[in-house]
Every structure is written in structure tokens, then in C-alpha cells.
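S.K.: Dumping the structure here so I can ask a few things about it.
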Amino acid sequence: MSLLSITALQAQKTEISSVVKEDLVLKELFYDFGKIPQSKPVYHEFVIVNDSKEPLQLNSVTATCGCTTPEWSREPIAPGASAQIKVGFNAAAEGPFEKFVNITYNNDKTKVFTIKGNVWKAPAGSAPSNASIQFLKQINQ
């Protein structure tokens with residue numbers, strides 16, 4: 001292989017790696033809540049890192065349904081710094097779910113992460129009475 005070919009390959013490799021480098025890095029792209037009770041909110045914090053040399057501004061963080069609520073700081077993220085996006089999920093329906101959360105940052109860039117889980121239906125009505133309570137009350141009198 002000639003020196004010219006090696007130089008061209010190195011230039012191409014550098015160009016590809018600069019295109020692949022991402023400004024916003026998510027520490028995890030996916031979170032599984034596992035089994036959760038219906039109508040009981042659950043939360044998870046996704047950590048993001050600004051891996052660029054410029055401040056990073058989150059313009060919006062939106063979910064694919066109203067049962068998923070992201071919260072984030074509107075302050076710019078300094079180069080090398082990290083921030084959190086807190087995602088809440090409150091299931092109205094039982095069964096498996098998968099929701100996508102879209103991040104728009106620096107006006108035109110996007111990133112997506114996913115939450116999933118399985119919602120079980122909580123029993124209707126109050127908990128059954130506990131006979132032990134009555135027994136303990138009698139002993140303490």
C-alpha cells in the first residue's frame with residue numbers, strides 16, 4: 001500500500017470519527033421499570049453529558065403520550081458537564097408499555113430514549129381487615 005493510500009485512509013477515518021462524535025451523550029438509552037402497579041406514578045432519572053466544546057441547550061423534552069412526563073433544567077449545560085432528565089410514568093391501563101421520549105437540543109438536533117414496563121391492575125376496594133389488630137388491642141387494655 002502506498003503512502004498516499006495510507007494518508008487517504010487516515011483522513012477518511014478522521015472524517016468518519018468526527019461525524020460520529022455526538023454532542024449529547026445519554027448514559028442509558030433505555031430503562032425498564034419492570035412490574036408496576038396501575039395508577040401509581042414511577043420515576044427514573046436519565047443522565048446526559050455535554051460531550052462538546054460548546055454549551056448545550058435542551059430546547060424541549062417531549063413524550064409520546066400524556067402518561068409520561070419529563071422534567072429538565074432549562075439552563076445550558078456547560079461543556080463536559082452533566083444534567084438529569086427526570087421521567088415520570090403514571091399508567092392508566094394495565095399491560096405492557098413502551099414509551100419514547102424525544103430530546104431536541106441546540107435548536108435542530110434530536111435524541112430519543114425509551115422507557116418500558118408492565119402494569120398490573122391493583123385490586124379494587126380496600127385491604128382486608130386484620131384480625132390481629134383487634135387481638136392486640138384487647139391485650140393492651
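Just remember, in the C-alpha cells the first chain shown is A, the second B, etc., residues are 1-based per chain, and ligands are 1-based in the order shown.
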If we count only C-alpha atoms and set the cut-off at 8 Å, which residues sit around A:Ala92, ignoring sequence neighbours fewer than 5 positions away in its own chain? Please answer as a CSV table (one decimal) with N, CA and C atoms, in the first residue's frame.
M.R.:
```csv
chain,number,residue,atom,x,y,z
A,38,GLN,N,-50.9,-0.2,38.6
A,38,GLN,CA,-51.7,0.8,37.9
A,38,GLN,C,-52.0,2.0,38.7
A,39,SER,N,-51.9,3.2,38.1
A,39,SER,CA,-52.2,4.5,38.8
A,39,SER,C,-51.3,4.8,39.9
A,67,CYS,N,-49.2,10.2,29.7
A,67,CYS,CA,-48.9,9.5,30.9
A,67,CYS,C,-47.4,9.5,31.2
```
S.K.: I need the residues of stretch 53-102 of chain A that end up classed as strand (DSSP E or B) by DSSP on the backbone, written out as a JSON list (two decimals) with C-alpha atoms, in the first residue's frame.
M.R.:
```json
[["chain", "number", "residue", "atom", "x", "y", "z"],
["A", 56, "LEU", "CA", -25.61, 22.57, 25.09],
["A", 58, "LEU", "CA", -32.13, 21.45, 25.70],
["A", 59, "ASN", "CA", -34.95, 23.09, 23.73],
["A", 60, "SER", "CA", -37.62, 20.51, 24.55],
["A", 61, "VAL", "CA", -38.12, 17.08, 26.01],
["A", 62, "THR", "CA", -41.39, 15.50, 24.94],
["A", 63, "ALA", "CA", -43.04, 12.13, 25.40],
["A", 68, "THR", "CA", -45.18, 10.17, 30.55],
["A", 69, "THR", "CA", -43.91, 13.44, 31.99],
["A", 70, "PRO", "CA", -40.28, 14.56, 31.54],
["A", 71, "GLU", "CA", -38.76, 17.28, 33.74],
["A", 72, "TRP", "CA", -35.47, 19.02, 32.93],
["A", 77, "ILE", "CA", -25.24, 22.51, 30.06],
["A", 82, "SER", "CA", -23.90, 16.52, 33.05],
["A", 83, "ALA", "CA", -27.59, 17.04, 33.78],
["A", 84, "GLN", "CA", -30.62, 14.90, 34.52],
["A", 85, "ILE", "CA", -33.94, 14.39, 32.82],
["A", 86, "LYS", "CA", -36.47, 13.03, 35.31],
["A", 87, "VAL", "CA", -39.15, 10.96, 33.62],
["A", 88, "GLY", "CA", -42.39, 10.13, 35.40],
["A", 89, "PHE", "CA", -44.85, 7.50, 34.22],
["A", 95, "GLY", "CA", -50.47, -4.45, 30.40],
["A", 96, "PRO", "CA", -47.06, -3.93, 28.81],
["A", 97, "PHE", "CA", -45.99, -0.46, 27.67],
["A", 98, "GLU", "CA", -43.15, 1.13, 25.74],
["A", 99, "LYS", "CA", -42.86, 4.93, 25.51],
["A", 100, "PHE", "CA", -40.39, 7.12, 23.67],
["A", 101, "VAL", "CA", -39.01, 10.42, 24.95],
["A", 102, "ASN", "CA", -37.62, 12.87, 22.38]]
```
S.K.: Restricting the calculation to only C-alpha atoms, which member of A:Ala91, A:Cys65, A:Ile115, A:Leu26 is positioned closest to A:His44?
M.R.: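 Using only C-alpha atoms, the shortest distance to A:His44 belongs to A:Ile115.
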S.K.: Could you check the closest approach to A:Asn90 for each of A:Thr104, A:Gln57, A:Ser73, A:Asn118 and tell me which residue wins, using only C-alpha atoms?
M.R.: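 Closest to A:Asn90, using only C-alpha atoms: A:Asn118.
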S.K.: Kindly indicate which residue among A:Ala122, A:Thr114, A:Val42, A:Gln138 lies nearest to A:Phe30, using only C-alpha atoms for the distances.
M.R.: A:Thr114
S.K.: When distances are computed from only C-alpha atoms, which of A:Ile48, A:Val112, A:Ala78, A:Val119 shows the smallest separation from A:Asp32?
M.R.: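 Ranked by minimum distance to A:Asp32, first place goes to A:Val119.
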S.K.: Using only C-alpha atoms, pick whichever of A:Gly66, A:Pro41, A:Gly34, A:Pro76 has the shortest atom-to-atom distance to A:Lys116.
M.R.: A:Gly34
S.K.: Using only C-alpha atoms, which of A:Ile36, A:Arg74, A:Gly80, A:Lys27 sits nearest A:Glu54?
M.R.: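 The answer is A:Gly80, which sits nearest to A:Glu54.
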S.K.: Residues at most 8 Å from A:Lys121, counting only C-alpha atoms, excluding those fewer than 6 positions away in the same chain, as a count of residues only?
M.R.: 4
S.K.: Quick one: distance from atom CA of A:Tyr105 to atom CA of A:Phe33 in Å, one decimal?
M.R.: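 One can read the atom CA of A:Tyr105 to atom CA of A:Phe33 distance as 25.9 Å.
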